[in-house]
Amino acid sequence: MTAPECQELDVDVLVVDEVAAIDVGGDLDLTTAPRLIAAVRDQVSAPVRRIEVDCRDVEFLDSAGVRAMIVGRNEAERAGIWFGLTNPSRAVKRVLDMTGLTALMQLEPAR
Amino acid sequence: LVRKRSTSDDPDVEALQRELTAARAALRQHETVAERRRRLEELSEALIGTDDPEVVYEQAARWATATLGLPCSIVATPPDGAVAFALGSHAPSWLLVDGGRALAEDDDAALRPILDRLTRAVDSAERVAAQARDLRTLERSLLPDALLSVPGLQLASRYVPAKGAHEVGGDFYDTVRVGDVVTLIVGDVQGKGIEAATLTSMARHTLRAAALDGQPPSDLLHRVNRALLYTQEEQASAGGHGVLRFVSAVVARLEPGDAGRFTVTVARAGQPPPIIVRSDGRFETLEPRGVLLGVTDAPVYESTTNHLDVGDTLVLYTDGVIEQRGGEHNALSEHHLGMLVRNRRGVVDAASIAALIEETVHLVAPEDIRDDVAILVACPVRT
């Protein structure tokens, strides 16, 4: 069993034409979730018109990670900004299906 | 460890006493009072922050013994006429040096300055222990005192707190019996600690009240969802920056029919699907759609209906059972859980199945159960 000692999350943001693509990769959990929330908040206050969180490289997602996605979605929609997840990895899909959030998170494949 | 001061006839004891005296003399020769004081201070400093009072007492006695070169012990009540030093502000224990003998000036000077520190160590340990007791009490208040017996049904539950948790966990389970109908609930509130626990309590009692009213599982979930959104709205209007928390739950209602059969109605909100393992070894996961509670004001909570016969097993569990980190190969899946219970077919014993699942959770995540786990198992039995 691999030691879960150093949880890493990569967050890259690319804004083109008022569309923010937030790439997250690694473990989205209690220790790293605040970084996703912070990245979404930055774009909400920018503001952009669309936020896409690319989850292609998310390997682990726990309830704190799910919470970060919901908080991000709520804050974006309150500001009238479209928010959705793109390219969900298997881990992300599985958790979103279990939590019934698939429809709410406007999952989109790669454009 | 209170040593008799009268001379003993026993040659072994006399020899021991001579050895002790010699050792003491050797110690005294090599250590000045200042050195001994410094050492004892260092050691006593390390005691502060220890959260087990028993450990603090034991260490205090050992270190005082080593430093003074005199046998020291901790007693609850000092013997009559003994010289004793109080440790701890409330209900103090007493430090006896050499069975309660008055100390020589040097020893007294060495001991006095650190008694204060030992007292602080004892006080802080007692405080932490009291807090831990309060937390366990609070945690227990979130779980039923007992599972009321239901005719024709065996019920068992398990609650496994996350390892190393010094906070109240967010998982809960409940069973509510109305006549011959029983509602089984497991759920999970995001986060830990007192703040999460107040929400756990709210969710549990909202579900309970609705179940006692005889409402079906999906209605129970709608109720909690409304209650949560209402609470969030209140918090927002109070300008509070409370952490937004979501709740997941799965509810199963069991109604008795003919020949020991139960009709099972299940609704779920963001939890893994309950499993029915049939007496022939097949298993089914019950997957009505339903979203996490407290997320949307237009949720859908489907419900599914199944039958549970004598020899079948129904398992409800929170996501801690299958969401332990460890990579896909190490994670316990619904499939594994079904296989596990299936291997127990023929043994219709809810308690042993619940115990088996708990053991497996420990096995899958031996060092690091990151999340609480709540498990409910129901087996119809012949009456």
# chains A, B, ... in the order shown; residues from 1 in each chain; ligands from 1
>>> residues_around(residues="Ile70 in chain A", least_positions_apart="6", cutoff="10 Å", atoms="only C-alpha atoms", output="PDB file with all heavy atoms, in the first residue's frame")
ATOM      1  N   ILE A  37     -10.577  26.066  -4.357  1.00  0.00           N
ATOM      2  CA  ILE A  37     -11.543  27.125  -4.033  1.00  0.00           C
ATOM      3  C   ILE A  37     -10.917  28.497  -4.300  1.00  0.00           C
ATOM      4  O   ILE A  37     -11.537  29.374  -4.908  1.00  0.00           O
ATOM      5  CB  ILE A  37     -12.012  27.009  -2.566  1.00  0.00           C
ATOM      6  CG1 ILE A  37     -12.795  25.697  -2.372  1.00  0.00           C
ATOM      7  CG2 ILE A  37     -12.887  28.200  -2.181  1.00  0.00           C
ATOM      8  CD1 ILE A  37     -13.283  25.455  -0.957  1.00  0.00           C
ATOM      9  N   ALA A  64     -14.020  16.407   0.941  1.00  0.00           N
ATOM     10  CA  ALA A  64     -13.576  17.808   0.966  1.00  0.00           C
ATOM     11  C   ALA A  64     -13.355  18.321  -0.453  1.00  0.00           C
ATOM     12  O   ALA A  64     -13.614  19.491  -0.755  1.00  0.00           O
ATOM     13  CB  ALA A  64     -12.297  17.932   1.790  1.00  0.00           C
ATOM     14  N   ALA A  76     -19.590  30.760  -8.374  1.00  0.00           N
ATOM     15  CA  ALA A  76     -19.572  31.179  -9.775  1.00  0.00           C
ATOM     16  C   ALA A  76     -20.995  31.512 -10.231  1.00  0.00           C
ATOM     17  O   ALA A  76     -21.241  32.568 -10.822  1.00  0.00           O
ATOM     18  CB  ALA A  76     -18.969  30.075 -10.642  1.00  0.00           C
ATOM     19  N   LEU A 101     -23.993  14.121  -8.126  1.00  0.00           N
ATOM     20  CA  LEU A 101     -23.676  15.484  -8.554  1.00  0.00           C
ATOM     21  C   LEU A 101     -23.391  15.595 -10.050  1.00  0.00           C
ATOM     22  O   LEU A 101     -23.141  16.686 -10.549  1.00  0.00           O
ATOM     23  CB  LEU A 101     -22.462  16.000  -7.786  1.00  0.00           C
ATOM     24  CG  LEU A 101     -22.685  16.275  -6.297  1.00  0.00           C
ATOM     25  CD1 LEU A 101     -21.356  16.499  -5.609  1.00  0.00           C
ATOM     26  CD2 LEU A 101     -23.593  17.474  -6.107  1.00  0.00           C
ATOM     27  N   LEU A 104     -25.455  18.107 -11.884  1.00  0.00           N
ATOM     28  CA  LEU A 104     -25.271  19.452 -11.341  1.00  0.00           C
ATOM     29  C   LEU A 104     -23.952  20.084 -11.761  1.00  0.00           C
ATOM     30  O   LEU A 104     -23.820  21.293 -11.845  1.00  0.00           O
ATOM     31  CB  LEU A 104     -25.296  19.327  -9.811  1.00  0.00           C
ATOM     32  CG  LEU A 104     -26.145  20.312  -9.030  1.00  0.00           C
ATOM     33  CD1 LEU A 104     -27.576  20.307  -9.498  1.00  0.00           C
ATOM     34  CD2 LEU A 104     -26.056  19.987  -7.554  1.00  0.00           C
ATOM     35  N   MET A 105     -22.967  19.246 -12.021  1.00  0.00           N
ATOM     36  CA  MET A 105     -21.623  19.754 -12.300  1.00  0.00           C
ATOM     37  C   MET A 105     -21.374  19.966 -13.790  1.00  0.00           C
ATOM     38  O   MET A 105     -20.263  20.269 -14.204  1.00  0.00           O
ATOM     39  CB  MET A 105     -20.562  18.804 -11.741  1.00  0.00           C
ATOM     40  CG  MET A 105     -20.444  18.886 -10.251  1.00  0.00           C
ATOM     41  SD  MET A 105     -19.914  20.541  -9.756  1.00  0.00           S
ATOM     42  CE  MET A 105     -20.199  20.450  -7.998  1.00  0.00           C
TER      43      MET A 105
ATOM     44  N   LEU B 244     -19.690  25.820   4.854  1.00  0.00           N
ATOM     45  CA  LEU B 244     -20.797  25.168   4.182  1.00  0.00           C
ATOM     46  C   LEU B 244     -20.553  23.658   4.238  1.00  0.00           C
ATOM     47  O   LEU B 244     -19.541  23.177   3.750  1.00  0.00           O
ATOM     48  CB  LEU B 244     -20.824  25.661   2.725  1.00  0.00           C
ATOM     49  CG  LEU B 244     -22.084  25.444   1.909  1.00  0.00           C
ATOM     50  CD1 LEU B 244     -23.292  26.062   2.589  1.00  0.00           C
ATOM     51  CD2 LEU B 244     -21.889  26.026   0.516  1.00  0.00           C
ATOM     52  N   PHE B 246     -22.133  19.634   3.753  1.00  0.00           N
ATOM     53  CA  PHE B 246     -23.158  18.844   3.103  1.00  0.00           C
ATOM     54  C   PHE B 246     -23.300  17.528   3.849  1.00  0.00           C
ATOM     55  O   PHE B 246     -22.406  17.092   4.550  1.00  0.00           O
ATOM     56  CB  PHE B 246     -22.808  18.622   1.646  1.00  0.00           C
ATOM     57  CG  PHE B 246     -22.529  19.914   0.946  1.00  0.00           C
ATOM     58  CD1 PHE B 246     -21.238  20.301   0.659  1.00  0.00           C
ATOM     59  CD2 PHE B 246     -23.567  20.787   0.652  1.00  0.00           C
ATOM     60  CE1 PHE B 246     -20.978  21.512   0.057  1.00  0.00           C
ATOM     61  CE2 PHE B 246     -23.323  22.004   0.059  1.00  0.00           C
ATOM     62  CZ  PHE B 246     -22.015  22.375  -0.246  1.00  0.00           C
ATOM     63  N   VAL B 295     -27.391  20.721  -1.205  1.00  0.00           N
ATOM     64  CA  VAL B 295     -26.717  21.275  -2.375  1.00  0.00           C
ATOM     65  C   VAL B 295     -27.688  22.015  -3.294  1.00  0.00           C
ATOM     66  O   VAL B 295     -27.381  23.075  -3.818  1.00  0.00           O
ATOM     67  CB  VAL B 295     -25.991  20.171  -3.180  1.00  0.00           C
ATOM     68  CG1 VAL B 295     -25.353  20.746  -4.440  1.00  0.00           C
ATOM     69  CG2 VAL B 295     -24.942  19.496  -2.326  1.00  0.00           C
TER      70      VAL B 295
END
>>> select_by_dssp(residues="chain A", states="strand (DSSP E or B)", output="PyMOL selection string")
chain A and resi 9-16+19-28+50-61+82-86+108
>>> closest_atom_pairs(of="chain A", to="chain B", cutoff="6 Å", atoms="only C-alpha atoms", output="JSON lines")
{"residue": "A:Met1", "atom": "CA", "partner": "B:Gly326", "partner_atom": "CA", "distance": 6.0}
{"residue": "A:Met98", "atom": "CA", "partner": "B:Gly270", "partner_atom": "CA", "distance": 5.5}
{"residue": "A:Thr99", "atom": "CA", "partner": "B:Gly270", "partner_atom": "CA", "distance": 3.4}
{"residue": "A:Gly100", "atom": "CA", "partner": "B:Val291", "partner_atom": "CA", "distance": 4.0}
{"residue": "A:Leu101", "atom": "CA", "partner": "B:Val291", "partner_atom": "CA", "distance": 5.9}
>>> atom_distance(atom1="CA of Leu28 in chain A", atom2="CA of Leu9 in chain A")
6.5 Å
>>> select_by_dssp(residues="range 187-318 of chain B", states="alpha helix (DSSP H)", output="ChimeraX atom specification")
/B:193-212,217-237
>>> residues_around(residues="range 78-81 of chain A", least_positions_apart="3", cutoff="10 Å", atoms="only C-alpha atoms", output="list in words")
Val19, Gln43, Val44, Ser45, Pro47, Val48, Arg49, Arg50, Ile51, Gly72, Arg73, Asn74, Glu75 and Gly84 of chain A
